[in-house]
file work.cif (mmCIF, C-alpha atoms)
data_data
#
loop_
_atom_site.group_PDB
_atom_site.id
_atom_site.type_symbol
_atom_site.label_atom_id
_atom_site.label_comp_id
_atom_site.auth_asym_id
_atom_site.auth_seq_id
_atom_site.Cartn_x
_atom_site.Cartn_y
_atom_site.Cartn_z
ATOM 1 C CA MET V 1 -2.790 7.939 -21.157
ATOM 2 C CA VAL V 2 -3.681 11.567 -20.227
ATOM 3 C CA GLU V 3 -5.948 10.266 -17.439
ATOM 4 C CA ASP V 4 -3.028 8.265 -16.017
ATOM 5 C CA SER V 5 -0.702 11.297 -16.010
ATOM 6 C CA ASP V 6 -3.434 13.475 -14.465
ATOM 7 C CA ARG V 7 -3.990 10.883 -11.741
ATOM 8 C CA ALA V 8 -0.241 10.710 -11.136
ATOM 9 C CA CYS V 9 -0.059 14.513 -10.821
ATOM 10 C CA VAL V 10 -2.855 14.574 -8.241
ATOM 11 C CA ARG V 11 -1.389 11.635 -6.305
ATOM 12 C CA GLN V 12 2.087 13.202 -6.273
ATOM 13 C CA HIS V 13 0.769 16.626 -5.272
ATOM 14 C CA PHE V 14 -0.749 15.097 -2.115
ATOM 15 C CA GLN V 15 2.446 13.185 -1.349
ATOM 16 C CA VAL V 16 5.001 15.890 -2.139
ATOM 17 C CA LEU V 17 3.239 19.106 -1.079
ATOM 18 C CA TRP V 18 0.762 18.134 1.620
ATOM 19 C CA ASN V 19 2.349 15.075 3.210
ATOM 20 C CA GLY V 20 5.957 16.114 2.597
ATOM 21 C CA GLY V 21 5.685 19.897 2.851
ATOM 22 C CA ASN V 22 7.921 20.421 -0.210
ATOM 23 C CA THR V 23 6.346 23.692 -1.368
ATOM 24 C CA GLU V 24 9.341 24.494 -3.598
ATOM 25 C CA ARG V 25 7.846 21.943 -6.030
ATOM 26 C CA ILE V 26 4.465 23.700 -6.469
ATOM 27 C CA ASP V 27 5.155 24.519 -10.129
ATOM 28 C CA GLU V 28 5.371 20.800 -10.961
ATOM 29 C CA PHE V 29 1.706 20.353 -10.054
ATOM 30 C CA PHE V 30 -0.153 23.656 -10.464
ATOM 31 C CA SER V 31 -0.839 25.966 -13.380
ATOM 32 C CA PRO V 32 -0.217 29.710 -12.847
ATOM 33 C CA ASN V 33 -3.926 30.127 -13.751
ATOM 34 C CA PHE V 34 -5.082 28.057 -10.753
ATOM 35 C CA VAL V 35 -8.641 28.496 -9.405
ATOM 36 C CA ASN V 36 -9.379 27.310 -5.850
ATOM 37 C CA PHE V 37 -12.980 27.019 -4.598
ATOM 38 C CA GLY V 38 -14.066 29.254 -7.493
ATOM 39 C CA ILE V 39 -11.525 31.994 -6.686
ATOM 40 C CA SER V 40 -8.866 32.919 -9.234
ATOM 41 C CA TYR V 41 -5.653 34.308 -7.739
ATOM 42 C CA LYS V 42 -3.104 36.675 -9.305
ATOM 43 C CA ASP V 43 -0.320 34.821 -7.478
ATOM 44 C CA ALA V 44 -1.463 31.191 -7.593
ATOM 45 C CA ARG V 45 1.937 29.915 -6.483
ATOM 46 C CA GLY V 46 1.911 32.237 -3.460
ATOM 47 C CA ILE V 47 -1.580 31.264 -2.303
ATOM 48 C CA ILE V 48 -0.858 27.542 -2.646
ATOM 49 C CA GLN V 49 2.372 27.953 -0.690
ATOM 50 C CA LYS V 50 0.506 29.904 2.022
ATOM 51 C CA ILE V 51 -2.307 27.341 2.310
ATOM 52 C CA VAL V 52 0.050 24.357 2.519
ATOM 53 C CA SER V 53 2.322 26.173 4.995
ATOM 54 C CA VAL V 54 -0.554 27.193 7.285
ATOM 55 C CA TRP V 55 -1.867 23.622 7.449
ATOM 56 C CA ARG V 56 1.575 22.009 7.840
ATOM 57 C CA ASN V 57 2.607 24.503 10.552
ATOM 58 C CA ALA V 58 -0.554 23.790 12.535
ATOM 59 C CA PHE V 59 -0.421 20.023 11.909
ATOM 60 C CA PRO V 60 3.222 18.993 11.273
ATOM 61 C CA ASP V 61 2.208 15.325 10.885
ATOM 62 C CA LEU V 62 -0.559 16.184 8.387
ATOM 63 C CA GLN V 63 -1.337 13.237 6.106
ATOM 64 C CA PHE V 64 -3.640 12.870 3.127
ATOM 65 C CA GLN V 65 -4.331 9.220 2.394
ATOM 66 C CA ILE V 66 -6.022 8.598 -0.946
ATOM 67 C CA ASP V 67 -8.751 6.039 -0.364
ATOM 68 C CA GLN V 68 -10.239 6.102 -3.849
ATOM 69 C CA MET V 69 -9.429 7.910 -7.079
ATOM 70 C CA LEU V 70 -11.571 8.212 -10.203
ATOM 71 C CA SER V 71 -10.866 10.129 -13.376
ATOM 72 C CA SER V 72 -12.682 11.124 -16.513
ATOM 73 C CA GLU V 73 -11.160 13.151 -19.326
ATOM 74 C CA ASN V 74 -9.358 16.053 -17.586
ATOM 75 C CA THR V 75 -10.959 15.664 -14.137
ATOM 76 C CA VAL V 76 -9.761 13.628 -11.151
ATOM 77 C CA PHE V 77 -11.898 12.910 -8.088
ATOM 78 C CA CYS V 78 -10.378 11.689 -4.831
ATOM 79 C CA GLU V 79 -11.894 10.389 -1.637
ATOM 80 C CA VAL V 80 -9.235 10.974 1.022
ATOM 81 C CA THR V 81 -8.721 10.551 4.733
ATOM 82 C CA LEU V 82 -7.027 13.569 6.274
ATOM 83 C CA SER V 83 -5.368 13.329 9.691
ATOM 84 C CA GLY V 84 -3.068 15.373 11.883
ATOM 85 C CA THR V 85 -2.174 16.523 15.378
ATOM 86 C CA HIS V 86 -2.688 20.168 16.368
ATOM 87 C CA LEU V 87 0.823 21.211 17.404
ATOM 88 C CA GLY V 88 1.094 24.757 15.976
ATOM 89 C CA ASP V 89 -1.045 27.869 15.516
ATOM 90 C CA PHE V 90 -3.823 27.302 12.968
ATOM 91 C CA VAL V 91 -4.448 30.546 11.113
ATOM 92 C CA MET V 92 -7.902 30.617 9.530
ATOM 93 C CA ILE V 93 -7.606 31.319 5.813
ATOM 94 C CA PRO V 94 -10.362 31.188 3.173
ATOM 95 C CA PRO V 95 -12.588 29.292 2.884
ATOM 96 C CA LEU V 96 -12.273 28.969 6.698
ATOM 97 C CA GLN V 97 -12.668 32.170 8.682
ATOM 98 C CA GLY V 98 -12.198 33.009 12.331
ATOM 99 C CA PRO V 99 -9.507 33.520 14.946
ATOM 100 C CA THR V 100 -6.148 31.764 15.005
ATOM 101 C CA LEU V 101 -6.449 28.529 16.980
ATOM 102 C CA THR V 102 -3.634 27.836 19.422
ATOM 103 C CA PRO V 103 -2.352 24.250 19.529
ATOM 104 C CA ASN V 104 -3.862 21.775 21.964
ATOM 105 C CA GLY V 105 -2.134 18.526 20.966
ATOM 106 C CA ARG V 106 -5.372 16.842 19.902
ATOM 107 C CA ARG V 107 -5.594 14.594 16.859
ATOM 108 C CA PHE V 108 -8.213 14.493 14.117
ATOM 109 C CA GLN V 109 -9.133 12.207 11.229
ATOM 110 C CA VAL V 110 -11.809 13.144 8.683
ATOM 111 C CA LYS V 111 -12.920 12.345 5.138
ATOM 112 C CA HIS V 112 -12.822 14.730 2.165
ATOM 113 C CA ILE V 113 -13.833 14.569 -1.479
ATOM 114 C CA HIS V 114 -11.613 16.605 -3.832
ATOM 115 C CA ARG V 115 -12.169 17.453 -7.497
ATOM 116 C CA PHE V 116 -9.236 18.534 -9.644
ATOM 117 C CA ARG V 117 -9.391 19.749 -13.242
ATOM 118 C CA LEU V 118 -6.125 19.514 -15.154
ATOM 119 C CA GLN V 119 -4.749 20.982 -18.372
ATOM 120 C CA GLU V 120 -1.446 19.996 -19.925
ATOM 121 C CA GLY V 121 -0.635 17.832 -16.898
ATOM 122 C CA LYS V 122 -1.134 20.547 -14.259
ATOM 123 C CA ILE V 123 -3.934 21.353 -11.838
ATOM 124 C CA VAL V 124 -5.926 24.378 -13.001
ATOM 125 C CA GLU V 125 -8.943 24.056 -10.712
ATOM 126 C CA HIS V 126 -9.718 22.551 -7.305
ATOM 127 C CA PHE V 127 -12.896 22.178 -5.293
ATOM 128 C CA ALA V 128 -13.584 20.036 -2.239
ATOM 129 C CA VAL V 129 -16.259 18.869 0.141
ATOM 130 C CA ARG V 130 -14.581 18.676 3.532
ATOM 131 C CA ASP V 131 -15.649 17.603 6.996
ATOM 132 C CA ASP V 132 -14.401 20.732 8.769
ATOM 133 C CA LEU V 133 -17.137 20.375 11.412
ATOM 134 C CA GLY V 134 -15.885 16.884 12.269
ATOM 135 C CA MET V 135 -12.304 18.147 12.369
ATOM 136 C CA PHE V 136 -13.138 21.020 14.728
ATOM 137 C CA GLN V 137 -15.211 18.692 16.923
ATOM 138 C CA GLN V 138 -12.316 16.227 17.230
ATOM 139 C CA LEU V 139 -9.952 19.100 18.007
ATOM 140 C CA GLY V 140 -12.296 20.167 20.831
ATOM 141 C CA ARG V 141 -13.067 23.522 19.191
ATOM 142 C CA ILE V 142 -16.792 22.872 18.642
ATOM 143 C CA VAL V 143 -19.036 21.049 21.067
ATOM 144 C CA ILE V 144 -22.477 19.990 19.914
ATOM 145 C CA SER V 145 -24.873 19.148 22.710
ATOM 146 C CA GLU V 146 -28.258 17.519 22.408
#
call {"tool": "encode", "arguments": {"input": "work.cif", "output": "structure tokens"}}
result
Amino acid sequence: MVEDSDRACVRQHFQVLWNGGNTERIDEFFSPNFVNFGISYKDARGIIQKIVSVWRNAFPDLQFQIDQMLSSENTVFCEVTLSGTHLGDFVMIPPLQGPTLTPNGRRFQVKHIHRFRLQEGKIVEHFAVRDDLGMFQQLGRIVISE
């Protein structure tokens, strides 16, 4: 039963926050003691709102599609396909670093693996393995030559 509610929380967080951009609902999904990529923030709500806003401003059609979801005890793993079109400034925020990327109208689609740990029905920890290289290649920001 707890696994089902944890899975529902993770699924809804992707739909409501990331796909829908409804950052006013952050508290429904995240604990105030949230840790992201091993970093604990004093203002978890503020950092989540900033991260979602930066991505949604750069890619207004941003979509996380859950391809597979597994859970065990208080942990949920998701394989997702992330896609979007670069239509706004993309400000590099941790864990990404670098200059702000101006929009070029190009589209990307990449795979991610996300791990969420939950307590009392809310996300307390997140870590991911992301294909940022593939995303930047598709956006024309990185060219790899042989």
call {"tool": "residues_around", "arguments": {"input": "work.cif", "residues": "stretch 9-12 of chain V", "least_positions_apart": "6", "cutoff": "9 Å", "atoms": "only C-alpha atoms", "output": "list in words"}}
result
Glu28, Phe29, Ile66, Met69, Val76, Cys78, Phe116, Leu118, Gly121, Lys122 and Ile123 of chain V
call {"tool": "atom_distance", "arguments": {"input": "work.cif", "atom1": "atom CA of V:Gly134", "atom2": "atom CA of V:Lys111"}}
result
9.0 Å
call {"tool": "residues_around", "arguments": {"input": "work.cif", "residues": "V:Val80", "least_positions_apart": "2", "cutoff": "12 Å", "atoms": "only C-alpha atoms", "output": "count of residues only"}}
result
26
call {"tool": "closest_residue", "arguments": {"input": "work.cif", "among": "V:Pro103, V:Gly84, V:Gly98, V:Val16", "to": "V:Met135", "atoms": "only C-alpha atoms"}}
result
V:Gly84
call {"tool": "axis_aligned_box", "arguments": {"input": "work.cif", "around": "stretch 44-53 of chain V", "padding_each_side": "4 Å", "output": "lines of an AutoDock Vina configuration file"}}
result
center_x = 0.0
center_y = 28.3
center_z = -1.3
size_x = 12.7
size_y = 15.9
size_z = 20.6
call {"tool": "build_atoms", "arguments": {"input": "work.cif", "residues": "stretch 102-115 of chain V", "atoms": "N, CA and C atoms", "output": "compact mmCIF listing (two decimals), keeping the file's coordinate frame"}}
result
# COMPACT_ATOMS: atom_id res chain seq x y z
N THR V 102 -4.89 28.26 18.81
CA THR V 102 -3.63 27.84 19.42
C THR V 102 -3.63 26.32 19.53
N PRO V 103 -2.44 25.71 19.51
CA PRO V 103 -2.35 24.25 19.53
C PRO V 103 -2.81 23.66 20.86
N ASN V 104 -3.43 22.47 20.75
CA ASN V 104 -3.86 21.78 21.96
C ASN V 104 -3.41 20.31 21.99
N GLY V 105 -2.67 19.89 20.98
CA GLY V 105 -2.13 18.53 20.97
C GLY V 105 -3.14 17.44 20.61
N ARG V 106 -4.36 17.85 20.24
CA ARG V 106 -5.37 16.84 19.90
C ARG V 106 -5.24 16.42 18.45
N ARG V 107 -5.65 15.20 18.19
CA ARG V 107 -5.59 14.59 16.86
C ARG V 107 -6.96 14.58 16.20
N PHE V 108 -6.97 14.63 14.87
CA PHE V 108 -8.21 14.49 14.12
C PHE V 108 -8.00 13.55 12.94
N GLN V 109 -9.11 13.01 12.45
CA GLN V 109 -9.13 12.21 11.23
C GLN V 109 -10.51 12.36 10.61
N VAL V 110 -10.55 12.89 9.38
CA VAL V 110 -11.81 13.14 8.68
C VAL V 110 -11.70 12.73 7.22
N LYS V 111 -12.85 12.67 6.57
CA LYS V 111 -12.92 12.34 5.14
C LYS V 111 -13.16 13.63 4.34
N HIS V 112 -12.61 13.65 3.14
CA HIS V 112 -12.82 14.73 2.16
C HIS V 112 -13.09 14.11 0.80
N ILE V 113 -13.74 14.88 -0.05
CA ILE V 113 -13.83 14.57 -1.48
C ILE V 113 -13.24 15.78 -2.22
N HIS V 114 -12.26 15.54 -3.07
CA HIS V 114 -11.61 16.60 -3.83
C HIS V 114 -11.82 16.38 -5.32
N ARG V 115 -12.06 17.49 -6.04
CA ARG V 115 -12.17 17.45 -7.50
C ARG V 115 -11.08 18.35 -8.07
